[in-house]
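Let me begin by presenting the structure, written as structure tokens, before commenting on it.
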Amino acid sequence: LSSPTSETPAITPRQMMRGHTEGVRHVVHLPGGRQIITCSLDGSLRLWDLKSGTQIGKDWRDENSGASSMALSPNGEIVASGYEDGKVRLWDIKTKKVISKWTGHSNVVIALCWSADGERVASGSWDGTARVWDVKTGNNMLTIKTGHEWVRAVTYSPDSSKFATGGDEE
């Protein structure tokens with residue numbers, strides 16, 4: 001509770017990670033609470049140690065497109081990343097390698113969400129569509145013309161039977 005005369009408490013960052021050369025667009029915490037992954041418009045994903053604030057290993061890169069979104073799989077083993085070139089890439093966290101690449105969007109993929117069972121990924125793009133992808137096959141199972149000019153958010157319901165989108169109207 002606060003009163004008009006009390007100060008809002010300030011929180012001081014514990015670590016400042018430095019290394020990306022362009023803006024960071026998303027961060028995910030890995031299971032165990034000791035590491036995070038960041039994605040940036042510089043086209044890289046980076047793994048960081050939270051205690052020391054240092055980057056672990058080299059940048060993760062595939063082609064030369066800016067990374068604009070990211071989502072961690074429910075089992076914590078795969079990260080999906082969306083790019084300015086309209087592609088979605090799946091990365092194996094242990095090997096730091098792309099294990100699948102999906103094409104279909106014609107503009108930036110700005111939003112990603114895994115289904116609770118880890119079998120599907122929903123993506124939202126500035127092309128106005130949301131897509132549902134089968135993780136095992138990489139097939140685009142569903143494309144929805146949302147009515148948004150730009151889709152900025154996608155999310156599954158807790159039981160993965162529905163998903164919702166948010167964005168800017170035309």
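So you can find residues: chains in the structure tokens are A, B, ... in the order shown, residues in each start at 1, and ligands are numbered from 1 in order.
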Show which residues sit within 8 Å of Gly23 in chain A, as a PyMOL selection string. Count only C-alpha atoms, and ignore same-chain residues fewer than 5 positions away. chain A and resi 40-42
Those same residues - all heavy atoms - I'd like them written as a short mmCIF file (atom, residue, chain, number, x, y, z; two decimals), in the first residue's frame.
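Now in selection-v5.cif:
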```
data_model
loop_
_atom_site.label_atom_id
_atom_site.label_comp_id
_atom_site.auth_asym_id
_atom_site.auth_seq_id
_atom_site.Cartn_x
_atom_site.Cartn_y
_atom_site.Cartn_z
N SER A 40 17.70 -10.65 -30.48
CA SER A 40 17.92 -9.26 -30.84
C SER A 40 17.74 -9.03 -32.33
O SER A 40 17.89 -9.94 -33.15
CB SER A 40 19.34 -8.87 -30.42
OG SER A 40 19.74 -7.65 -31.00
N LEU A 41 17.49 -7.77 -32.66
CA LEU A 41 17.43 -7.37 -34.06
C LEU A 41 18.78 -7.49 -34.75
O LEU A 41 18.86 -7.39 -35.97
CB LEU A 41 16.88 -5.95 -34.18
CG LEU A 41 15.41 -5.79 -33.80
CD1 LEU A 41 14.97 -4.34 -33.95
CD2 LEU A 41 14.52 -6.71 -34.62
N ASP A 42 19.86 -7.74 -33.98
CA ASP A 42 21.16 -7.98 -34.62
C ASP A 42 21.22 -9.39 -35.23
O ASP A 42 22.21 -9.76 -35.84
CB ASP A 42 22.33 -7.74 -33.66
CG ASP A 42 22.42 -8.72 -32.49
OD1 ASP A 42 21.73 -9.76 -32.49
OD2 ASP A 42 23.20 -8.43 -31.56
#
```
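By chain and then residue number, the residues within 9 Å of Leu50 in chain A are Arg14, Gln15, Met17, Gly33, Arg34, Gln35, Ile36 and Thr54 of chain A, counting only C-alpha atoms and disregarding those fewer than 4 positions away in sequence.
The residue set within 6 Å of range 119-136 of chain A, counting only C-alpha atoms and dropping same-chain residues fewer than 5 places from it, reads Ser106, Asn107, Val108, Val109, Ile110, Ala111, Leu112, Cys113, Trp114, Met141, Leu142, Thr143, Ile144, Lys145, Thr146, His148, Glu149, Trp150 and Val151 of chain A.
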Those same residues, written as a short mmCIF file (atom, residue, chain, number, x, y, z; two decimals), in the first residue's frame with all heavy atoms?
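result.cif, freshly written:
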```cif
data_model
loop_
_atom_site.label_atom_id
_atom_site.label_comp_id
_atom_site.auth_asym_id
_atom_site.auth_seq_id
_atom_site.Cartn_x
_atom_site.Cartn_y
_atom_site.Cartn_z
N SER A 106 4.69 -13.43 -44.53
CA SER A 106 5.31 -12.52 -45.50
C SER A 106 5.86 -11.26 -44.85
O SER A 106 6.28 -10.35 -45.56
CB SER A 106 4.30 -12.16 -46.59
OG SER A 106 3.18 -11.48 -46.02
N ASN A 107 5.85 -11.21 -43.51
CA ASN A 107 6.38 -10.05 -42.81
C ASN A 107 6.90 -10.52 -41.45
O ASN A 107 6.86 -11.71 -41.14
CB ASN A 107 5.29 -8.97 -42.65
CG ASN A 107 5.84 -7.57 -42.53
OD1 ASN A 107 6.95 -7.35 -42.03
ND2 ASN A 107 5.07 -6.58 -42.96
N VAL A 108 7.34 -9.60 -40.63
CA VAL A 108 7.96 -9.90 -39.33
C VAL A 108 7.08 -10.82 -38.48
O VAL A 108 5.87 -10.60 -38.37
CB VAL A 108 8.20 -8.59 -38.54
CG1 VAL A 108 8.81 -8.88 -37.18
CG2 VAL A 108 9.05 -7.63 -39.33
N VAL A 109 7.68 -11.85 -37.88
CA VAL A 109 7.01 -12.70 -36.91
C VAL A 109 7.30 -12.09 -35.54
O VAL A 109 8.42 -12.17 -35.04
CB VAL A 109 7.47 -14.16 -36.98
CG1 VAL A 109 6.81 -14.99 -35.89
CG2 VAL A 109 7.19 -14.74 -38.36
N ILE A 110 6.29 -11.48 -34.95
CA ILE A 110 6.47 -10.68 -33.74
C ILE A 110 5.95 -11.38 -32.48
O ILE A 110 6.22 -10.93 -31.36
CB ILE A 110 5.80 -9.29 -33.92
CG1 ILE A 110 6.35 -8.27 -32.93
CG2 ILE A 110 4.30 -9.39 -33.86
CD1 ILE A 110 7.72 -7.79 -33.25
N ALA A 111 5.22 -12.48 -32.64
CA ALA A 111 4.64 -13.16 -31.48
C ALA A 111 4.66 -14.67 -31.67
O ALA A 111 4.39 -15.16 -32.77
CB ALA A 111 3.21 -12.69 -31.26
N LEU A 112 4.99 -15.39 -30.59
CA LEU A 112 5.04 -16.85 -30.61
C LEU A 112 4.50 -17.39 -29.30
O LEU A 112 4.69 -16.78 -28.25
CB LEU A 112 6.48 -17.34 -30.78
CG LEU A 112 7.14 -17.04 -32.12
CD1 LEU A 112 8.65 -17.23 -32.01
CD2 LEU A 112 6.57 -17.93 -33.21
N CYS A 113 3.86 -18.57 -29.37
CA CYS A 113 3.38 -19.23 -28.16
C CYS A 113 3.30 -20.73 -28.41
O CYS A 113 2.79 -21.16 -29.45
CB CYS A 113 2.01 -18.68 -27.77
SG CYS A 113 1.37 -19.36 -26.22
N TRP A 114 3.80 -21.51 -27.47
CA TRP A 114 3.71 -22.97 -27.54
C TRP A 114 2.39 -23.45 -26.95
O TRP A 114 1.90 -22.88 -25.97
CB TRP A 114 4.84 -23.60 -26.73
CG TRP A 114 6.19 -23.48 -27.36
CD1 TRP A 114 7.00 -22.39 -27.35
CD2 TRP A 114 6.89 -24.50 -28.08
NE1 TRP A 114 8.17 -22.66 -28.01
CE2 TRP A 114 8.13 -23.96 -28.47
CE3 TRP A 114 6.60 -25.81 -28.42
CZ2 TRP A 114 9.07 -24.68 -29.19
CZ3 TRP A 114 7.53 -26.54 -29.14
CH2 TRP A 114 8.75 -25.97 -29.53
N MET A 141 -0.47 -25.95 -40.00
CA MET A 141 -1.75 -26.64 -39.84
C MET A 141 -2.94 -25.72 -40.06
O MET A 141 -4.02 -26.19 -40.41
CB MET A 141 -1.83 -27.23 -38.42
CG MET A 141 -0.74 -28.22 -38.11
SD MET A 141 -0.67 -28.65 -36.36
CE MET A 141 -2.29 -29.30 -36.07
N LEU A 142 -2.74 -24.41 -39.80
CA LEU A 142 -3.85 -23.47 -39.85
C LEU A 142 -3.31 -22.07 -40.08
O LEU A 142 -2.31 -21.69 -39.46
CB LEU A 142 -4.62 -23.52 -38.52
CG LEU A 142 -5.81 -22.60 -38.33
CD1 LEU A 142 -6.95 -22.97 -39.27
CD2 LEU A 142 -6.29 -22.67 -36.87
N THR A 143 -3.96 -21.33 -40.97
CA THR A 143 -3.65 -19.91 -41.16
C THR A 143 -4.94 -19.13 -40.96
O THR A 143 -5.96 -19.46 -41.56
CB THR A 143 -3.10 -19.64 -42.58
OG1 THR A 143 -1.92 -20.43 -42.77
CG2 THR A 143 -2.76 -18.17 -42.77
N ILE A 144 -4.86 -18.10 -40.12
CA ILE A 144 -6.03 -17.28 -39.83
C ILE A 144 -5.76 -15.85 -40.26
O ILE A 144 -4.77 -15.25 -39.82
CB ILE A 144 -6.37 -17.31 -38.33
CG1 ILE A 144 -6.69 -18.74 -37.88
CG2 ILE A 144 -7.52 -16.37 -38.01
CD1 ILE A 144 -6.83 -18.90 -36.40
N LYS A 145 -6.61 -15.32 -41.11
CA LYS A 145 -6.58 -13.89 -41.42
C LYS A 145 -7.32 -13.21 -40.29
O LYS A 145 -8.54 -13.27 -40.22
CB LYS A 145 -7.21 -13.62 -42.78
CG LYS A 145 -6.42 -14.23 -43.91
CD LYS A 145 -7.06 -13.98 -45.25
CE LYS A 145 -6.27 -14.66 -46.33
NZ LYS A 145 -6.90 -14.53 -47.64
N THR A 146 -6.60 -12.56 -39.41
CA THR A 146 -7.14 -12.12 -38.12
C THR A 146 -8.00 -10.86 -38.20
O THR A 146 -8.75 -10.58 -37.28
CB THR A 146 -6.00 -11.84 -37.14
OG1 THR A 146 -5.22 -10.76 -37.66
CG2 THR A 146 -5.14 -13.08 -36.92
N HIS A 148 -6.52 -8.07 -38.13
CA HIS A 148 -5.54 -7.10 -37.65
C HIS A 148 -4.62 -6.74 -38.81
O HIS A 148 -4.28 -7.58 -39.62
CB HIS A 148 -4.65 -7.68 -36.54
CG HIS A 148 -5.39 -8.18 -35.35
ND1 HIS A 148 -6.21 -7.39 -34.58
CD2 HIS A 148 -5.41 -9.40 -34.77
CE1 HIS A 148 -6.70 -8.10 -33.59
NE2 HIS A 148 -6.24 -9.33 -33.67
N GLU A 149 -4.21 -5.49 -38.86
CA GLU A 149 -3.18 -5.13 -39.83
C GLU A 149 -1.87 -5.79 -39.42
O GLU A 149 -1.17 -6.36 -40.25
CB GLU A 149 -3.01 -3.61 -39.88
CG GLU A 149 -2.01 -3.16 -40.92
CD GLU A 149 -1.92 -1.66 -41.02
OE1 GLU A 149 -2.62 -0.93 -40.29
OE2 GLU A 149 -1.12 -1.20 -41.86
N TRP A 150 -1.56 -5.71 -38.13
CA TRP A 150 -0.37 -6.34 -37.57
C TRP A 150 -0.79 -7.17 -36.38
O TRP A 150 -1.42 -6.66 -35.46
CB TRP A 150 0.64 -5.30 -37.08
CG TRP A 150 1.25 -4.44 -38.14
CD1 TRP A 150 1.27 -4.65 -39.49
CD2 TRP A 150 1.93 -3.21 -37.93
NE1 TRP A 150 1.91 -3.64 -40.13
CE2 TRP A 150 2.35 -2.73 -39.18
CE3 TRP A 150 2.25 -2.47 -36.79
CZ2 TRP A 150 3.06 -1.55 -39.34
CZ3 TRP A 150 2.95 -1.30 -36.95
CH2 TRP A 150 3.35 -0.85 -38.21
N VAL A 151 -0.44 -8.45 -36.37
CA VAL A 151 -0.67 -9.29 -35.19
C VAL A 151 0.51 -9.07 -34.26
O VAL A 151 1.66 -9.26 -34.64
CB VAL A 151 -0.81 -10.78 -35.56
CG1 VAL A 151 -0.97 -11.63 -34.30
CG2 VAL A 151 -1.99 -10.99 -36.50
#
```
Report, in Å to a single decimal, how far apart CA of Val24 in chain A and CA of Lys51 in chain A are. 19.6 Å
Separation of CA of Lys101 in chain A from CA of Thr21 in chain A in Å: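 Pair CA of Thr21 in chain A / CA of Lys101 in chain A returns 24.0 Å.
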Selected residue, from A:Pro74, A:Gly57, A:Pro31, A:Gly104, that lies nearest to Asn139 in chain A when counting only C-alpha atoms: A:Gly104
Could you pull out the strand (DSSP E or B) residues of chain A from DSSP and send them as a ChimeraX atom specification? /A:24-29,35-40,45-49,55-60,67-72,78-83,88-92,97-102,109-114,120-125,129-134,140-145,148-156,163-169
Counting only C-alpha atoms, which residue out of A:Ser161, A:Gly82, A:Ile93, A:Leu72 sits closest to Gly118 in chain A?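 Residue with the minimum atom-to-atom distance to Gly118 in chain A: A:Leu72.
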Could you check the closest approach to Ser160 in chain A for each of A:Gly147, A:Ala116, A:Leu45, A:Pro9 and tell me which residue wins, using only C-alpha atoms? A:Ala116
Who sits within 7 Å of Trp102 in chain A, only C-alpha atoms, same chain under 2 positions skipped, as a JSON list (two decimals) with N, CA, C and O atoms, in the first residue's frame:
```
[["chain", "number", "residue", "atom", "x", "y", "z"],
["A", 87, "LYS", "N", 10.25, -15.81, -41.10],
["A", 87, "LYS", "CA", 10.47, -17.22, -40.77],
["A", 87, "LYS", "C", 10.40, -17.45, -39.26],
["A", 87, "LYS", "O", 10.61, -16.55, -38.46],
["A", 88, "VAL", "N", 10.10, -18.69, -38.92],
["A", 88, "VAL", "CA", 10.16, -19.17, -37.54],
["A", 88, "VAL", "C", 11.22, -20.26, -37.52],
["A", 88, "VAL", "O", 11.24, -21.13, -38.39],
["A", 89, "ARG", "N", 12.10, -20.18, -36.53],
["A", 89, "ARG", "CA", 13.15, -21.19, -36.39],
["A", 89, "ARG", "C", 13.02, -21.84, -35.02],
["A", 89, "ARG", "O", 12.74, -21.17, -34.03],
["A", 100, "SER", "N", 14.70, -26.81, -37.04],
["A", 100, "SER", "CA", 13.61, -26.70, -38.00],
["A", 100, "SER", "C", 13.45, -25.23, -38.37],
["A", 100, "SER", "O", 13.71, -24.34, -37.56],
["A", 104, "GLY", "N", 6.23, -19.08, -44.28],
["A", 104, "GLY", "CA", 4.81, -18.91, -44.54],
["A", 104, "GLY", "C", 4.36, -17.48, -44.36],
["A", 104, "GLY", "O", 3.56, -16.98, -45.12],
["A", 138, "GLY", "N", 6.66, -29.70, -38.96],
["A", 138, "GLY", "CA", 6.92, -28.36, -39.49],
["A", 138, "GLY", "C", 5.82, -27.85, -40.39],
["A", 138, "GLY", "O", 5.93, -26.77, -40.96]]
```
Could you pull the residues within 7 Å of Arg25 in chain A, counting only C-alpha atoms, minus those fewer than 5 positions along the same chain, as a list in words?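 So, after excluding close chain neighbours, the residues are Cys39, Ser40, Ser68 and Ser69 of chain A.
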Could you save those same residues with N, CA, C and O atoms as a PDB file, in the first residue's frame?
```pdb
ATOM      1  N   CYS A  39      17.022 -12.546 -27.533  1.00  0.00           N
ATOM      2  CA  CYS A  39      17.065 -12.438 -28.994  1.00  0.00           C
ATOM      3  C   CYS A  39      17.057 -10.966 -29.355  1.00  0.00           C
ATOM      4  O   CYS A  39      16.504 -10.132 -28.636  1.00  0.00           O
ATOM      5  N   SER A  40      17.697 -10.649 -30.480  1.00  0.00           N
ATOM      6  CA  SER A  40      17.916  -9.257 -30.839  1.00  0.00           C
ATOM      7  C   SER A  40      17.742  -9.028 -32.332  1.00  0.00           C
ATOM      8  O   SER A  40      17.894  -9.943 -33.150  1.00  0.00           O
ATOM      9  N   SER A  68      12.969 -11.156 -33.676  1.00  0.00           N
ATOM     10  CA  SER A  68      11.995 -10.226 -33.103  1.00  0.00           C
ATOM     11  C   SER A  68      11.104 -10.837 -32.033  1.00  0.00           C
ATOM     12  O   SER A  68      10.371 -10.109 -31.369  1.00  0.00           O
ATOM     13  N   SER A  69      11.142 -12.149 -31.860  1.00  0.00           N
ATOM     14  CA  SER A  69      10.294 -12.789 -30.849  1.00  0.00           C
ATOM     15  C   SER A  69      10.877 -14.148 -30.490  1.00  0.00           C
ATOM     16  O   SER A  69      11.695 -14.706 -31.231  1.00  0.00           O
TER      17      SER A  69
END
```
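Between Asp159 in chain A and the candidates A:His29, A:Ser115, A:Thr95, A:Glu63, the tightest atom-to-atom separation, counting only C-alpha atoms, involves A:Ser115.
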